[in-house]
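A.B. asks: File follows, query_33.cif with mmCIF, C-alpha atoms:
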data_start
loop_
_atom_site.label_atom_id
_atom_site.label_comp_id
_atom_site.auth_asym_id
_atom_site.auth_seq_id
_atom_site.Cartn_x
_atom_site.Cartn_y
_atom_site.Cartn_z
CA MET A 1 0.00 0.00 0.00
CA THR A 2 1.35 3.42 -0.91
CA VAL A 3 1.32 6.30 1.50
CA LYS A 4 0.15 9.66 0.25
CA VAL A 5 2.53 12.39 1.30
CA ILE A 6 1.18 15.90 1.58
CA ASN A 7 3.93 18.43 1.11
CA VAL A 8 2.17 21.38 2.68
CA LYS A 9 5.03 23.76 2.06
CA GLU A 10 5.48 22.78 -1.59
CA ASP A 11 1.76 23.11 -2.22
CA ILE A 12 1.67 26.52 -0.61
CA LEU A 13 4.70 27.73 -2.56
CA SER A 14 3.35 26.41 -5.85
CA ALA A 15 -0.08 28.04 -5.37
CA ASN A 16 1.70 31.25 -4.38
CA ASP A 17 3.86 31.18 -7.52
CA GLU A 18 0.77 31.12 -9.73
CA LYS A 19 -0.73 34.10 -7.95
CA ALA A 20 2.60 35.92 -8.17
CA LYS A 21 2.67 35.35 -11.92
CA ALA A 22 -0.83 36.81 -12.21
CA ASN A 23 0.29 39.87 -10.23
CA GLN A 24 3.15 40.44 -12.63
CA GLU A 25 0.85 40.06 -15.64
CA LEU A 26 -1.46 42.66 -14.14
CA MET A 27 1.49 45.02 -13.69
CA ASP A 28 2.65 44.44 -17.28
CA GLU A 29 -0.82 45.23 -18.64
CA HIS A 30 -0.56 48.58 -16.89
CA HIS A 31 3.16 49.15 -17.68
CA ILE A 32 3.93 49.38 -13.98
CA LEU A 33 7.27 48.41 -12.47
CA LEU A 34 6.76 46.35 -9.30
CA ILE A 35 9.67 45.94 -6.87
CA ASN A 36 9.88 43.90 -3.66
CA VAL A 37 12.11 45.44 -0.97
CA MET A 38 13.33 43.04 1.72
CA SER A 39 15.69 43.08 4.72
CA SER A 40 16.06 42.32 8.41
CA PRO A 41 14.08 44.52 10.82
CA GLY A 42 15.53 48.01 11.00
CA SER A 43 17.91 47.83 8.03
CA GLY A 44 16.42 50.97 6.49
CA LYS A 45 13.75 49.85 4.01
CA THR A 46 11.38 52.69 4.85
CA SER A 47 14.15 55.31 4.73
CA LEU A 48 15.21 54.05 1.30
CA ILE A 49 11.62 54.20 0.09
CA MET A 50 11.18 57.74 1.43
CA GLN A 51 14.36 58.87 -0.39
CA THR A 52 13.18 57.13 -3.57
CA ILE A 53 9.79 58.83 -3.40
CA SER A 54 11.49 62.18 -2.85
CA ARG A 55 13.68 61.71 -5.93
CA PHE A 56 11.07 60.31 -8.33
CA LYS A 57 7.70 61.71 -7.33
CA ALA A 58 7.85 64.79 -9.57
CA LYS A 59 8.24 62.59 -12.66
CA LYS A 60 6.72 59.24 -11.76
CA ARG A 61 3.48 58.15 -10.15
CA ILE A 62 4.32 55.94 -7.19
CA ALA A 63 2.40 53.80 -4.69
CA VAL A 64 3.72 51.81 -1.75
CA ILE A 65 2.45 48.56 -0.22
CA GLU A 66 3.61 48.20 3.37
CA GLY A 67 3.86 44.75 4.97
CA ASP A 68 4.06 44.55 8.76
CA ILE A 69 2.94 42.17 11.46
CA ALA A 70 1.28 45.06 13.25
CA SER A 71 1.05 48.88 13.18
CA THR A 72 0.66 51.42 10.38
CA ILE A 73 3.83 53.39 11.22
CA ASP A 74 5.43 53.02 7.79
CA ALA A 75 2.27 53.52 5.73
CA ASP A 76 1.60 56.70 7.73
CA LYS A 77 5.07 58.04 6.83
CA VAL A 78 4.55 57.37 3.12
CA SER A 79 1.04 58.74 3.14
CA LYS A 80 2.21 62.01 4.71
CA VAL A 81 4.26 62.86 1.61
CA GLY A 82 1.22 62.44 -0.63
CA VAL A 83 1.90 58.97 -2.03
CA PRO A 84 -0.84 56.30 -1.93
CA ALA A 85 0.05 53.70 0.70
CA VAL A 86 -1.65 50.40 1.47
CA GLN A 87 -0.84 48.74 4.78
CA ILE A 88 -1.01 44.96 4.98
CA ASN A 89 -0.96 43.64 8.55
CA THR A 90 -0.05 39.96 8.53
CA ALA A 91 -1.27 39.32 12.10
CA GLY A 92 1.83 37.33 13.03
CA GLY A 93 2.78 36.13 9.55
CA CYS A 94 6.50 36.47 8.86
CA HIS A 95 6.27 37.42 5.17
CA LEU A 96 3.94 38.76 2.51
CA GLU A 97 2.31 36.37 0.03
CA ALA A 98 1.14 37.00 -3.52
CA ASN A 99 -2.56 36.99 -2.63
CA MET A 100 -2.04 39.70 0.00
CA VAL A 101 -0.25 41.84 -2.56
CA ARG A 102 -3.06 41.24 -5.06
CA ARG A 103 -5.63 42.60 -2.63
CA ALA A 104 -3.48 45.68 -2.15
CA LEU A 105 -2.99 46.13 -5.91
CA ASP A 106 -6.73 45.84 -6.45
CA SER A 107 -7.26 48.77 -4.10
CA LEU A 108 -4.96 51.05 -6.16
CA ASP A 109 -5.77 53.03 -9.30
CA LEU A 110 -3.40 51.13 -11.60
CA ASP A 111 -4.06 53.36 -14.62
CA ARG A 112 -2.40 56.20 -12.76
CA LEU A 113 0.81 54.49 -11.59
CA ASP A 114 4.32 53.92 -12.94
CA LEU A 115 5.97 52.30 -9.94
CA VAL A 116 4.69 50.19 -7.05
CA ILE A 117 7.14 49.51 -4.23
CA ILE A 118 6.40 46.65 -1.83
CA GLU A 119 8.06 46.95 1.57
CA ASN A 120 8.06 43.38 2.85
CA VAL A 121 7.96 42.31 6.53
CA GLY A 122 11.34 42.72 8.26
CA ASN A 123 12.75 39.22 7.89
CA LEU A 124 15.86 37.94 6.14
CA ILE A 125 14.50 34.41 5.76
CA CYS A 126 10.82 33.79 5.01
CA THR A 127 10.33 36.78 2.72
CA ALA A 128 12.86 35.36 0.24
CA GLU A 129 10.80 32.18 -0.16
CA PHE A 130 7.57 33.75 -1.38
CA ALA A 131 7.36 35.31 -4.86
CA LEU A 132 5.02 38.31 -4.99
CA GLY A 133 5.14 38.96 -8.73
CA ALA A 134 7.73 41.73 -8.49
CA HIS A 135 9.90 42.41 -11.56
CA LYS A 136 12.89 42.96 -9.33
CA LYS A 137 13.87 41.94 -5.81
CA VAL A 138 15.84 44.49 -3.84
CA MET A 139 17.41 43.70 -0.48
CA LEU A 140 19.13 45.84 2.11
CA LEU A 141 21.84 44.62 4.42
CA SER A 142 22.87 47.31 6.86
CA VAL A 143 26.49 47.68 7.97
CA PRO A 144 25.72 47.04 11.68
CA GLU A 145 24.34 43.58 10.81
CA GLY A 146 27.82 42.37 9.81
CA ASP A 147 29.52 41.09 6.68
CA ASP A 148 28.96 37.37 7.43
CA LYS A 149 25.24 37.37 6.68
CA PRO A 150 25.45 35.85 3.14
CA PHE A 151 26.80 32.65 4.72
CA LYS A 152 24.01 32.50 7.29
CA TYR A 153 21.06 33.58 5.13
CA PRO A 154 22.04 32.39 1.64
CA LEU A 155 18.60 32.29 -0.02
CA MET A 156 17.95 36.02 0.31
CA PHE A 157 21.31 36.89 -1.24
CA THR A 158 20.75 34.34 -4.01
CA GLU A 159 17.34 35.80 -4.88
CA ALA A 160 18.20 39.51 -4.86
CA ASP A 161 18.73 41.50 -8.05
CA VAL A 162 20.12 44.42 -6.07
CA VAL A 163 21.89 44.32 -2.69
CA LEU A 164 22.04 47.74 -1.04
CA VAL A 165 24.63 47.92 1.73
CA ASN A 166 22.88 50.53 3.85
CA LYS A 167 24.07 52.74 6.74
CA ILE A 168 27.46 53.13 5.06
CA ASP A 169 27.74 56.47 6.90
CA VAL A 170 28.41 54.60 10.16
CA ALA A 171 30.92 52.17 8.63
CA PRO A 172 33.82 53.70 10.63
CA TYR A 173 32.18 52.50 13.85
CA PHE A 174 31.72 48.87 12.79
CA ASP A 175 34.00 46.07 11.62
CA PHE A 176 32.40 45.58 8.22
CA ASN A 177 34.60 44.30 5.40
CA LEU A 178 32.91 45.37 2.16
CA ALA A 179 35.35 43.40 -0.01
CA ALA A 180 34.69 40.18 1.94
CA PHE A 181 30.94 40.84 1.84
CA THR A 182 31.02 41.46 -1.93
CA LYS A 183 32.97 38.26 -2.49
CA ALA A 184 30.49 36.26 -0.40
CA VAL A 185 27.47 37.69 -2.25
CA ASN A 186 29.08 37.13 -5.65
CA GLY A 187 29.81 33.55 -4.69
CA LEU A 188 26.08 32.97 -4.26
CA ASN A 189 24.82 35.31 -6.94
CA PRO A 190 27.29 36.71 -9.50
CA LYS A 191 24.60 38.90 -11.14
CA ALA A 192 23.61 40.79 -7.99
CA LYS A 193 24.35 44.50 -8.15
CA ILE A 194 25.92 45.59 -4.87
CA MET A 195 25.63 49.26 -3.95
CA PRO A 196 26.93 50.85 -0.72
CA VAL A 197 24.46 53.57 0.31
CA SER A 198 23.19 55.63 3.19
CA ALA A 199 19.45 56.16 3.08
CA LYS A 200 19.98 58.64 5.92
CA THR A 201 22.64 60.94 4.43
CA GLY A 202 21.98 60.18 0.75
CA GLU A 203 25.53 58.91 0.15
CA GLY A 204 25.70 56.48 -2.78
CA LEU A 205 21.99 56.76 -3.62
CA ASP A 206 22.67 58.09 -7.14
CA ALA A 207 23.69 54.57 -8.21
CA TRP A 208 20.39 53.23 -6.86
CA PHE A 209 18.37 56.00 -8.51
CA SER A 210 20.11 55.39 -11.86
CA TRP A 211 19.38 51.68 -11.66
CA LEU A 212 15.73 52.32 -10.85
CA ASP A 213 15.43 54.96 -13.57
CA ALA A 214 16.74 52.49 -16.16
CA GLU A 215 14.26 49.85 -14.98
CA LEU A 216 11.40 52.34 -15.20
CA LYS A 217 12.42 53.31 -18.74
CA GLY A 218 12.59 49.64 -19.76
CA LYS A 219 9.06 49.16 -18.43
CA LYS A 220 7.71 52.05 -20.51
CA LYS A 221 9.11 50.85 -23.86
CA GLY A 222 6.21 50.74 -26.32
CA GLY A 223 3.94 51.38 -23.38
CA ASN A 224 1.09 53.75 -22.64
CA MET B 225 -22.80 18.47 7.31
CA THR B 226 -19.88 19.68 9.34
CA VAL B 227 -16.55 20.54 7.86
CA LYS B 228 -13.43 19.31 9.58
CA VAL B 229 -10.91 22.11 9.89
CA ILE B 230 -7.27 21.18 10.25
CA ASN B 231 -5.36 23.92 12.00
CA VAL B 232 -1.88 22.90 10.91
CA LYS B 233 -0.20 25.72 12.78
CA GLU B 234 -2.04 25.09 16.04
CA ASP B 235 -1.25 21.38 15.85
CA ILE B 236 2.42 22.08 15.22
CA LEU B 237 2.61 24.57 18.09
CA SER B 238 0.81 22.27 20.48
CA ALA B 239 3.08 19.30 19.67
CA ASN B 240 6.07 21.59 20.02
CA ASP B 241 4.90 22.81 23.43
CA GLU B 242 4.86 19.26 24.78
CA LYS B 243 8.39 18.63 23.57
CA ALA B 244 9.52 21.95 25.02
CA LYS B 245 8.08 20.94 28.40
CA ALA B 246 10.02 17.68 28.25
CA ASN B 247 13.22 19.61 27.47
CA GLN B 248 12.71 21.77 30.54
CA GLU B 249 12.05 18.72 32.72
CA LEU B 250 15.29 17.19 31.47
CA MET B 251 17.14 20.39 32.37
CA ASP B 252 15.54 20.48 35.82
CA GLU B 253 16.59 16.89 36.52
CA HIS B 254 20.17 17.97 35.83
CA HIS B 255 19.87 21.37 37.59
CA ILE B 256 20.83 23.13 34.37
CA LEU B 257 19.67 26.63 33.47
CA LEU B 258 18.52 26.77 29.83
CA ILE B 259 18.19 30.15 28.13
CA ASN B 260 16.93 30.99 24.63
CA VAL B 261 18.64 34.01 23.04
CA MET B 262 16.75 35.64 20.17
CA SER B 263 17.08 38.70 17.92
CA SER B 264 17.14 39.97 14.35
CA PRO B 265 20.15 38.96 12.24
CA GLY B 266 23.28 40.79 13.32
CA SER B 267 22.00 42.24 16.61
CA GLY B 268 24.91 40.75 18.55
CA LYS B 269 23.73 37.41 19.94
CA THR B 270 27.05 35.67 19.37
CA SER B 271 29.06 38.57 20.82
CA LEU B 272 26.86 38.53 23.94
CA ILE B 273 27.35 34.78 24.29
CA MET B 274 31.13 35.11 23.88
CA GLN B 275 31.22 37.79 26.61
CA THR B 276 29.05 35.62 28.85
CA ILE B 277 31.31 32.61 28.37
CA SER B 278 34.35 34.75 29.13
CA ARG B 279 32.79 35.98 32.39
CA PHE B 280 31.36 32.67 33.66
CA LYS B 281 33.50 29.87 32.34
CA ALA B 282 35.92 29.75 35.27
CA LYS B 283 33.03 29.08 37.67
CA LYS B 284 30.30 27.48 35.58
CA ARG B 285 30.19 24.67 33.04
CA ILE B 286 28.61 26.04 29.88
CA ALA B 287 27.47 24.64 26.53
CA VAL B 288 26.01 26.48 23.55
CA ILE B 289 23.47 25.32 20.96
CA GLU B 290 23.76 27.35 17.76
CA GLY B 291 20.78 27.63 15.40
CA ASP B 292 21.44 28.82 11.86
CA ILE B 293 19.97 28.20 8.43
CA ALA B 294 23.44 27.41 7.15
CA SER B 295 27.13 27.60 8.17
CA THR B 296 28.98 26.76 11.40
CA ILE B 297 30.51 30.23 11.85
CA ASP B 298 29.08 30.80 15.35
CA ALA B 299 29.64 27.27 16.67
CA ASP B 300 33.25 27.53 15.50
CA LYS B 301 33.72 30.75 17.49
CA VAL B 302 32.31 29.19 20.66
CA SER B 303 34.26 25.99 20.20
CA LYS B 304 37.54 27.88 19.88
CA VAL B 305 37.27 29.12 23.48
CA GLY B 306 36.88 25.56 24.74
CA VAL B 307 33.12 25.45 25.30
CA PRO B 308 31.05 22.57 23.87
CA ALA B 309 29.03 23.83 20.90
CA VAL B 310 26.34 22.04 18.91
CA GLN B 311 25.38 23.54 15.56
CA ILE B 312 21.83 23.00 14.31
CA ASN B 313 21.39 23.88 10.63
CA THR B 314 17.70 24.32 9.89
CA ALA B 315 18.13 24.04 6.09
CA GLY B 316 15.91 27.03 5.41
CA GLY B 317 13.79 26.86 8.56
CA CYS B 318 13.31 30.28 10.15
CA HIS B 319 13.41 29.20 13.80
CA LEU B 320 14.47 26.39 16.13
CA GLU B 321 11.89 23.93 17.42
CA ALA B 322 11.88 21.92 20.63
CA ASN B 323 12.71 18.60 18.94
CA MET B 324 15.82 20.10 17.33
CA VAL B 325 16.97 21.36 20.71
CA ARG B 326 16.32 17.94 22.25
CA ARG B 327 18.63 16.28 19.74
CA ALA B 328 21.31 18.80 20.61
CA LEU B 329 20.78 18.30 24.36
CA ASP B 330 21.03 14.53 23.93
CA SER B 331 24.47 15.00 22.39
CA LEU B 332 25.77 16.90 25.46
CA ASP B 333 27.09 15.50 28.75
CA LEU B 334 24.32 16.94 30.91
CA ASP B 335 25.87 15.75 34.19
CA ARG B 336 28.73 18.16 33.58
CA LEU B 337 26.82 21.35 32.78
CA ASP B 338 25.34 24.28 34.71
CA LEU B 339 24.20 26.48 31.84
CA VAL B 340 23.07 25.80 28.28
CA ILE B 341 22.65 28.82 26.03
CA ILE B 342 20.60 28.45 22.85
CA GLU B 343 21.37 30.99 20.14
CA ASN B 344 18.27 30.93 17.98
CA VAL B 345 18.10 31.71 14.24
CA GLY B 346 18.30 35.45 13.50
CA ASN B 347 14.63 36.31 13.24
CA LEU B 348 12.45 38.68 15.26
CA ILE B 349 9.21 36.90 14.36
CA CYS B 350 9.10 33.10 14.04
CA THR B 351 11.52 32.35 16.88
CA ALA B 352 9.14 33.94 19.39
CA GLU B 353 6.36 31.53 18.44
CA PHE B 354 8.15 28.27 19.25
CA ALA B 355 8.88 27.33 22.87
CA LEU B 356 12.12 25.38 23.27
CA GLY B 357 11.86 24.58 26.96
CA ALA B 358 14.11 27.41 28.08
CA HIS B 359 13.68 28.72 31.62
CA LYS B 360 14.21 32.25 30.36
CA LYS B 361 13.87 34.01 27.03
CA VAL B 362 16.41 36.72 26.35
CA MET B 363 16.17 39.04 23.36
CA LEU B 364 18.52 41.60 21.91
CA LEU B 365 17.41 44.68 20.03
CA SER B 366 20.37 46.62 18.70
CA VAL B 367 20.34 50.41 18.61
CA PRO B 368 20.73 50.61 14.79
CA GLU B 369 17.44 48.68 14.37
CA GLY B 370 15.45 51.58 15.76
CA ASP B 371 13.21 52.24 18.74
CA ASP B 372 9.92 51.50 16.92
CA LYS B 373 10.40 47.73 16.78
CA PRO B 374 8.09 46.81 19.72
CA PHE B 375 5.16 48.19 17.71
CA LYS B 376 6.08 46.19 14.62
CA TYR B 377 7.14 42.89 16.23
CA PRO B 378 5.03 42.78 19.40
CA LEU B 379 5.14 39.04 20.15
CA MET B 380 8.91 38.92 20.69
CA PHE B 381 8.79 41.81 23.15
CA THR B 382 5.81 40.25 24.92
CA GLU B 383 7.59 36.91 25.35
CA ALA B 384 11.00 38.15 26.51
CA ASP B 385 12.09 38.01 30.16
CA VAL B 386 15.09 40.22 29.40
CA VAL B 387 15.46 42.80 26.63
CA LEU B 388 19.08 43.75 26.02
CA VAL B 389 19.46 47.00 24.08
CA ASN B 390 22.75 46.17 22.40
CA LYS B 391 25.31 48.34 20.57
CA ILE B 392 24.71 51.17 23.01
CA ASP B 393 28.29 52.30 22.25
CA VAL B 394 27.13 53.60 18.85
CA ALA B 395 24.00 55.32 20.21
CA PRO B 396 25.42 58.81 19.42
CA TYR B 397 25.30 57.98 15.70
CA PHE B 398 21.67 56.85 15.62
CA ASP B 399 18.32 58.39 16.50
CA PHE B 400 17.36 55.90 19.19
CA ASN B 401 15.10 57.12 21.98
CA LEU B 402 15.67 54.75 24.92
CA ALA B 403 12.86 56.29 26.98
CA ALA B 404 10.35 55.83 24.13
CA PHE B 405 11.60 52.29 23.55
CA THR B 406 11.31 51.42 27.25
CA LYS B 407 7.78 52.79 27.36
CA ALA B 408 6.79 50.74 24.30
CA VAL B 409 8.25 47.53 25.73
CA ASN B 410 6.65 48.10 29.12
CA GLY B 411 3.31 48.66 27.42
CA LEU B 412 3.51 45.12 26.02
CA ASN B 413 5.36 43.47 28.87
CA PRO B 414 5.66 45.29 32.19
CA LYS B 415 7.83 42.54 33.70
CA ALA B 416 10.57 42.64 31.04
CA LYS B 417 13.95 43.70 32.35
CA ILE B 418 15.47 46.20 29.94
CA MET B 419 19.26 46.59 29.98
CA PRO B 420 21.29 48.86 27.69
CA VAL B 421 24.57 47.08 26.88
CA SER B 422 27.42 46.86 24.44
CA ALA B 423 28.55 43.30 23.84
CA LYS B 424 31.49 44.86 21.96
CA THR B 425 32.87 47.26 24.59
CA GLY B 426 31.42 45.55 27.66
CA GLU B 427 29.44 48.65 28.71
CA GLY B 428 26.42 47.74 30.83
CA LEU B 429 27.15 44.02 30.84
CA ASP B 430 27.49 43.86 34.62
CA ALA B 431 23.70 44.16 34.93
CA TRP B 432 23.31 41.22 32.55
CA PHE B 433 25.93 39.14 34.38
CA SER B 434 24.26 39.85 37.74
CA TRP B 435 20.88 38.80 36.40
CA LEU B 436 22.32 35.59 34.97
CA ASP B 437 24.26 34.87 38.15
CA ALA B 438 21.07 35.15 40.21
CA GLU B 439 19.25 32.82 37.82
CA LEU B 440 22.08 30.28 38.02
CA LYS B 441 22.01 30.43 41.83
CA GLY B 442 18.24 29.91 41.84
CA LYS B 443 18.67 26.85 39.66
CA LYS B 444 21.17 25.31 42.04
CA LYS B 445 18.99 25.62 45.17
CA GLY B 446 18.83 22.19 46.73
CA GLY B 447 20.50 20.83 43.66
CA ASN B 448 23.47 18.61 42.92
#
If you convert what's in this file into structure tokens, what do you get?
C.D. replies:
Amino acid sequence: MTVKVINVKEDILSANDEKAKANQELMDEHHILLINVMSSPGSGKTSLIMQTISRFKAKKRIAVIEGDIASTIDADKVSKVGVPAVQINTAGGCHLEANMVRRALDSLDLDRLDLVIIENVGNLICTAEFALGAHKKVMLLSVPEGDDKPFKYPLMFTEADVVLVNKIDVAPYFDFNLAAFTKAVNGLNPKAKIMPVSAKTGEGLDAWFSWLDAELKGKKKGGN
Amino acid sequence: MTVKVINVKEDILSANDEKAKANQELMDEHHILLINVMSSPGSGKTSLIMQTISRFKAKKRIAVIEGDIASTIDADKVSKVGVPAVQINTAGGCHLEANMVRRALDSLDLDRLDLVIIENVGNLICTAEFALGAHKKVMLLSVPEGDDKPFKYPLMFTEADVVLVNKIDVAPYFDFNLAAFTKAVNGLNPKAKIMPVSAKTGEGLDAWFSWLDAELKGKKKGGN
């Protein structure tokens, strides 16, 4: 007699992947660039998003989807600068899933947007496992977290298109070896673009803005 | 017709709780204090543990259980100073569970130990959900992570017996309001002991050592 094995995790991930694909198709129909920003708690995701809004909002129509276990702190910040913000509270859940993002997207006026930024739950592990339909995955690793993190949390570094090394302004006060970090990331993911930045002081952000600008232009080719 | 609902998560947590209870009973039989150290990635768990070993190892017999998704970096550090270290690699799992800890405990010589320190996976969310059988839960929140974290990750702050505010040596370079943080933690968990420390410079660690010393003495009352 054969035993039926139910792989709960595989089933969940597979169902999620389909919904993620549908999210991306929806974005493509509307020529919107969708990015998924991930990091540990307190690495500077919200600060990066605020700087990005400040740089692009005169030219591009932006919305932000905020994922948190609880609170609306980040969505309130984004909303205050006049950008539509949707808060998803996961009620304990350690990551966003594609269906949660879909509900948020459905609440936005997609005909009037160029860029949707998802700020995922602060978590260097679970968030990397769940596709949301984003065109690009962006992760932050802040200097105080240490340069050994690629060895301990390999999936996130393998999945990321861009790795922003944030809080570079405080590098003199920490033992962070950027060369060793870069080598470790490249070992997992040779295509990852690594950019040292400070979302607080603005240092290094031009490289990030240029990258994002190029992605936005690519999205608009032949578009509306 | 009634529908049978399978609450996978509740079942998992309930089964885990029983195993955690058995772990604690095993520790009590051997008069060992078991503590579970949790935080975000890079908040300083390993540095705290290294300082704690350095302070206590002349008087107390210590072992460390290291939880990581991958690598043996932390277990290697602990092992180098002559303390037994067991590395648990979760292969993607975002937290330790009681059965993993039991396997590690079974590999240690429990008759020759006073203190077992578990360093959980770097994660401010999932680790708080799974009891391991520890007598005390200790969490670190490092200054660079920001003072708003209790609002965003309430369960961890609710569960912790001790909240160590680590990296206090770099507080001048960050906007961290210790009074606001303390108020937020107390709002969730009035009994939590909050201690500002630097596991790097040693600042404030005497309070932590005193607390641990008292816990170790309590454990030995009437013991072997």
A.B. asks: Contacts from chain B to chain A, 7 Å maximum, all atoms listed in the file: show me the residue list as a short mmCIF file (atom, residue, chain, number, x, y, z; two decimals) with C-alpha atoms, in the coordinates of the input.
C.D. replies:
data_model
loop_
_atom_site.label_atom_id
_atom_site.label_comp_id
_atom_site.auth_asym_id
_atom_site.auth_seq_id
_atom_site.Cartn_x
_atom_site.Cartn_y
_atom_site.Cartn_z
CA SER B 264 17.14 39.97 14.35
CA PRO B 265 20.15 38.96 12.24
CA GLY B 266 23.28 40.79 13.32
CA SER B 267 22.00 42.24 16.61
CA ASP B 292 21.44 28.82 11.86
CA ILE B 293 19.97 28.20 8.43
CA ALA B 294 23.44 27.41 7.15
CA SER B 295 27.13 27.60 8.17
CA CYS B 318 13.31 30.28 10.15
CA ASN B 347 14.63 36.31 13.24
CA ILE B 349 9.21 36.90 14.36
CA CYS B 350 9.10 33.10 14.04
CA PRO B 368 20.73 50.61 14.79
CA GLU B 369 17.44 48.68 14.37
CA GLY B 370 15.45 51.58 15.76
CA PHE B 375 5.16 48.19 17.71
CA LYS B 376 6.08 46.19 14.62
CA TYR B 377 7.14 42.89 16.23
#
A.B. asks: Taking the file as I've supplied it (selection: the PyMOL selection byres ((chain A and resi 215) around 12)), which residues are included? Please answer as a compact mmCIF listing (two decimals) with C-alpha atoms, keeping the file's coordinate frame.
C.D. replies:
# COMPACT_ATOMS: atom_id res chain seq x y z
CA HIS A 31 3.16 49.15 -17.68
CA ILE A 32 3.93 49.38 -13.98
CA LEU A 33 7.27 48.41 -12.47
CA LEU A 34 6.76 46.35 -9.30
CA ILE A 35 9.67 45.94 -6.87
CA ASP A 114 4.32 53.92 -12.94
CA LEU A 115 5.97 52.30 -9.94
CA HIS A 135 9.90 42.41 -11.56
CA LYS A 136 12.89 42.96 -9.33
CA ASP A 161 18.73 41.50 -8.05
CA VAL A 162 20.12 44.42 -6.07
CA TRP A 208 20.39 53.23 -6.86
CA PHE A 209 18.37 56.00 -8.51
CA SER A 210 20.11 55.39 -11.86
CA TRP A 211 19.38 51.68 -11.66
CA LEU A 212 15.73 52.32 -10.85
CA ASP A 213 15.43 54.96 -13.57
CA ALA A 214 16.74 52.49 -16.16
CA LEU A 216 11.40 52.34 -15.20
CA LYS A 217 12.42 53.31 -18.74
CA GLY A 218 12.59 49.64 -19.76
CA LYS A 219 9.06 49.16 -18.43
CA LYS A 220 7.71 52.05 -20.51
CA LYS A 221 9.11 50.85 -23.86
A.B. asks: State, in Å with one decimal place, the distance from CA of Ala246 (chain B) to CA of Pro308 (chain B).
C.D. replies: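 So the answer is 22.0 Å.
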A.B. asks: Find the distance between CA of Met139 (chain A) and CA of His30 (chain A) and write it in Å to one decimal.
C.D. replies: 24.8 Å
A.B. asks: Can you pull out every residue within 7 Å of region 407-423 of chain B, counting all atoms listed in the file, but drop anything in the same chain fewer than 2 positions away, and send it as an mmCIF file with C-alpha atoms, in the coordinates of the input?
C.D. replies:
data_model
loop_
_atom_site.group_PDB
_atom_site.id
_atom_site.type_symbol
_atom_site.label_atom_id
_atom_site.label_comp_id
_atom_site.auth_asym_id
_atom_site.auth_seq_id
_atom_site.Cartn_x
_atom_site.Cartn_y
_atom_site.Cartn_z
ATOM 1 C CA GLY B 268 24.910 40.750 18.550
ATOM 2 C CA SER B 271 29.060 38.570 20.820
ATOM 3 C CA LEU B 272 26.860 38.530 23.940
ATOM 4 C CA GLN B 275 31.220 37.790 26.610
ATOM 5 C CA PRO B 374 8.090 46.810 19.720
ATOM 6 C CA PHE B 381 8.790 41.810 23.150
ATOM 7 C CA THR B 382 5.810 40.250 24.920
ATOM 8 C CA ALA B 384 11.000 38.150 26.510
ATOM 9 C CA ASP B 385 12.090 38.010 30.160
ATOM 10 C CA VAL B 386 15.090 40.220 29.400
ATOM 11 C CA VAL B 387 15.460 42.800 26.630
ATOM 12 C CA LEU B 388 19.080 43.750 26.020
ATOM 13 C CA VAL B 389 19.460 47.000 24.080
ATOM 14 C CA ASN B 390 22.750 46.170 22.400
ATOM 15 C CA LYS B 391 25.310 48.340 20.570
ATOM 16 C CA ILE B 392 24.710 51.170 23.010
ATOM 17 C CA ASP B 393 28.290 52.300 22.250
ATOM 18 C CA ALA B 403 12.860 56.290 26.980
ATOM 19 C CA ALA B 404 10.350 55.830 24.130
ATOM 20 C CA PHE B 405 11.600 52.290 23.550
ATOM 21 C CA THR B 425 32.870 47.260 24.590
ATOM 22 C CA GLY B 426 31.420 45.550 27.660
ATOM 23 C CA GLU B 427 29.440 48.650 28.710
ATOM 24 C CA GLY B 428 26.420 47.740 30.830
ATOM 25 C CA LEU B 429 27.150 44.020 30.840
#
A.B. asks: Using only C-alpha atoms, which of the listed residues (B:Arg285, B:Arg326, B:Lys361, B:Arg336) sits closest to Asn247 (chain B)?
C.D. replies: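 With only C-alpha atoms as the atom set, the closest residue is B:Arg326.
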A.B. asks: Please enumerate the residues selected by the PyMOL selection byres ((chain A and resi 101) around 10) when evaluated against the supplied file, formatted as a ChimeraX atom specification.
C.D. replies: /A:19-20,23,65-67,86,88,96-100,102-107,118,132-134
A.B. asks: Between CA of Ser303 (chain B) and CA of Val288 (chain B), what is the distance in Å, rounded to a tenth?
C.D. replies: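 Answer for the CA of Ser303 (chain B) to CA of Val288 (chain B) separation: 8.9 Å.
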A.B. asks: In terms of the shortest atom-to-atom distance over only C-alpha atoms, which of B:Ala287, B:Ser278, B:Ala239, B:Glu234 is closest to Leu334 (chain B)?
C.D. replies: B:Ala287
